[in-house]
Amino acid sequence: MVRLKHRYLLVNILYPSNGSVLVHAQDEEVNNFLRIHAPSPPKFDERSLVMLIRNSVSEMFGDYGVGKVSGSLKVVYFSAATSSAIIRVSREHVRLVWAALTFVTHLPKAFGTPCVIHVVRNSGTIRLAESEAIKRARDLVRRARASNQRDGLEQVLKNAVQAEERESATMSVDEELTSGDE
């Protein structure tokens with residue numbers, strides 16, 4: 001009996017021209033990073049992703065590609081919040097799927113959103129793909145928090161400077177009043 005060997009592709013779906021996402025970071029680099037890593041549309045799910053992959057393989061490699069890939073293609077994990085997915089495909093046909101994902105430019109017509117699918121990791125085990133997905137999600141959260149903390153720190157410093165200016169203005173008025181009494 002022959003064991004079927006699979007590969008796991010960790011992919012991120014990026015939305016480069018999605019201006020509808022409201023990001024309030026003052027750092028332009030973080031702002032752009034968070035805008036590109038926007039959540040997927042609410043109705044875009046695992047089944048939609050499988051259909052997107054099959055259609056892309058069909059466009060690139062025709063019926064031959066779809067026939068080779070369809071038997072082993074499965075979306076093991078999909079998160080709409082982080083726009084990331086883990087896709088299982090047979091080891092022999094991982095290059096077909098990877099090439100097809102590279103040429104995806106839009107989500108299906110029901111969504112019509114321009115996107116770029118970035119293959120982050122090609123792994124032999126799902127455990128390594130999951131750990132990489134967790135690491136990247138933590139990094140995304142860390143960058144967002146760092147931006148918020150920087151914004152908060154800047155606000156605290158502005159408030160402190162304004163309070164000091166008010167206090168010094170009050171002190172100068174008090175000094176003028178006391179010097180006028182003498």
# chains A, B, ... in the order shown; residues from 1 in each chain; ligands from 1

$ residues_around --residues "range 74-87 of chain A" --least-positions-apart "4" --cutoff "8 Å" --atoms "only C-alpha atoms" --output "PyMOL selection string"
chain A and resi 8-14+37-42+44-46+49-50+129-130+133+137

$ write_last_selection --atoms "N, CA and C atoms" --output "PDB file, in the first residue's frame"
ATOM      1  N   TYR A   8       1.444  21.267   2.675  1.00  0.00           N
ATOM      2  CA  TYR A   8       0.526  22.257   3.225  1.00  0.00           C
ATOM      3  C   TYR A   8       1.047  23.643   2.858  1.00  0.00           C
ATOM      4  N   LEU A   9       0.213  24.408   2.164  1.00  0.00           N
ATOM      5  CA  LEU A   9       0.575  25.764   1.772  1.00  0.00           C
ATOM      6  C   LEU A   9      -0.118  26.750   2.707  1.00  0.00           C
ATOM      7  N   LEU A  10       0.659  27.567   3.375  1.00  0.00           N
ATOM      8  CA  LEU A  10       0.109  28.655   4.173  1.00  0.00           C
ATOM      9  C   LEU A  10       0.064  29.875   3.267  1.00  0.00           C
ATOM     10  N   VAL A  11      -1.138  30.418   3.067  1.00  0.00           N
ATOM     11  CA  VAL A  11      -1.300  31.564   2.170  1.00  0.00           C
ATOM     12  C   VAL A  11      -1.959  32.728   2.904  1.00  0.00           C
ATOM     13  N   ASN A  12      -1.585  33.931   2.504  1.00  0.00           N
ATOM     14  CA  ASN A  12      -2.232  35.154   2.970  1.00  0.00           C
ATOM     15  C   ASN A  12      -2.915  35.793   1.778  1.00  0.00           C
ATOM     16  N   ILE A  13      -4.140  36.242   1.986  1.00  0.00           N
ATOM     17  CA  ILE A  13      -4.859  36.969   0.947  1.00  0.00           C
ATOM     18  C   ILE A  13      -4.714  38.449   1.276  1.00  0.00           C
ATOM     19  N   LEU A  14      -4.076  39.176   0.384  1.00  0.00           N
ATOM     20  CA  LEU A  14      -3.809  40.595   0.595  1.00  0.00           C
ATOM     21  C   LEU A  14      -4.734  41.417  -0.289  1.00  0.00           C
ATOM     22  N   HIS A  37      -3.401  44.051   4.969  1.00  0.00           N
ATOM     23  CA  HIS A  37      -3.796  42.840   5.679  1.00  0.00           C
ATOM     24  C   HIS A  37      -5.211  42.979   6.229  1.00  0.00           C
ATOM     25  N   ALA A  38      -6.129  43.378   5.389  1.00  0.00           N
ATOM     26  CA  ALA A  38      -7.522  43.583   5.796  1.00  0.00           C
ATOM     27  C   ALA A  38      -8.239  42.242   5.918  1.00  0.00           C
ATOM     28  N   PRO A  39      -9.315  42.183   6.693  1.00  0.00           N
ATOM     29  CA  PRO A  39     -10.104  40.951   6.774  1.00  0.00           C
ATOM     30  C   PRO A  39     -10.772  40.645   5.436  1.00  0.00           C
ATOM     31  N   SER A  40     -11.038  39.374   5.214  1.00  0.00           N
ATOM     32  CA  SER A  40     -11.734  38.960   4.001  1.00  0.00           C
ATOM     33  C   SER A  40     -13.209  39.318   4.106  1.00  0.00           C
ATOM     34  N   PRO A  41     -13.900  39.391   2.962  1.00  0.00           N
ATOM     35  CA  PRO A  41     -15.343  39.657   3.013  1.00  0.00           C
ATOM     36  C   PRO A  41     -16.056  38.604   3.860  1.00  0.00           C
ATOM     37  N   PRO A  42     -17.148  38.975   4.532  1.00  0.00           N
ATOM     38  CA  PRO A  42     -17.809  38.052   5.468  1.00  0.00           C
ATOM     39  C   PRO A  42     -18.296  36.745   4.840  1.00  0.00           C
ATOM     40  N   PHE A  44     -17.016  35.205   2.249  1.00  0.00           N
ATOM     41  CA  PHE A  44     -15.936  34.448   1.619  1.00  0.00           C
ATOM     42  C   PHE A  44     -15.471  33.388   2.610  1.00  0.00           C
ATOM     43  N   ASP A  45     -15.661  32.111   2.248  1.00  0.00           N
ATOM     44  CA  ASP A  45     -15.361  31.021   3.175  1.00  0.00           C
ATOM     45  C   ASP A  45     -14.479  29.976   2.500  1.00  0.00           C
ATOM     46  N   GLU A  46     -14.322  28.827   3.165  1.00  0.00           N
ATOM     47  CA  GLU A  46     -13.448  27.763   2.655  1.00  0.00           C
ATOM     48  C   GLU A  46     -13.904  27.269   1.286  1.00  0.00           C
ATOM     49  N   LEU A  49     -12.954  29.625  -1.389  1.00  0.00           N
ATOM     50  CA  LEU A  49     -11.515  29.559  -1.653  1.00  0.00           C
ATOM     51  C   LEU A  49     -11.169  28.346  -2.515  1.00  0.00           C
ATOM     52  N   VAL A  50     -11.780  27.205  -2.235  1.00  0.00           N
ATOM     53  CA  VAL A  50     -11.537  26.004  -3.054  1.00  0.00           C
ATOM     54  C   VAL A  50     -11.980  26.251  -4.496  1.00  0.00           C
ATOM     55  N   ALA A 129       2.961  24.434   9.530  1.00  0.00           N
ATOM     56  CA  ALA A 129       2.158  25.469   8.870  1.00  0.00           C
ATOM     57  C   ALA A 129       1.319  26.235   9.895  1.00  0.00           C
ATOM     58  N   GLU A 130       0.738  25.515  10.860  1.00  0.00           N
ATOM     59  CA  GLU A 130      -0.051  26.168  11.912  1.00  0.00           C
ATOM     60  C   GLU A 130       0.815  27.083  12.767  1.00  0.00           C
ATOM     61  N   ALA A 133       1.489  30.225  10.924  1.00  0.00           N
ATOM     62  CA  ALA A 133       0.289  31.074  10.880  1.00  0.00           C
ATOM     63  C   ALA A 133       0.097  31.804  12.202  1.00  0.00           C
ATOM     64  N   ALA A 137       0.200  35.859  12.796  1.00  0.00           N
ATOM     65  CA  ALA A 137      -0.943  36.557  13.392  1.00  0.00           C
ATOM     66  C   ALA A 137      -0.502  37.352  14.617  1.00  0.00           C
TER      67      ALA A 137
END

$ closest_residue --among "A:Val2, A:Met51, A:Ala100, A:Val119" --to "Gly65 in chain A" --atoms "only C-alpha atoms"
A:Ala100

$ select_by_dssp --residues "range 34-93 of chain A" --states "helix (DSSP H, G or I)" --output "count of residues only"
31

$ atom_distance --atom1 "CA of Ser90 in chain A" --atom2 "CA of Leu4 in chain A"
7.3 Å
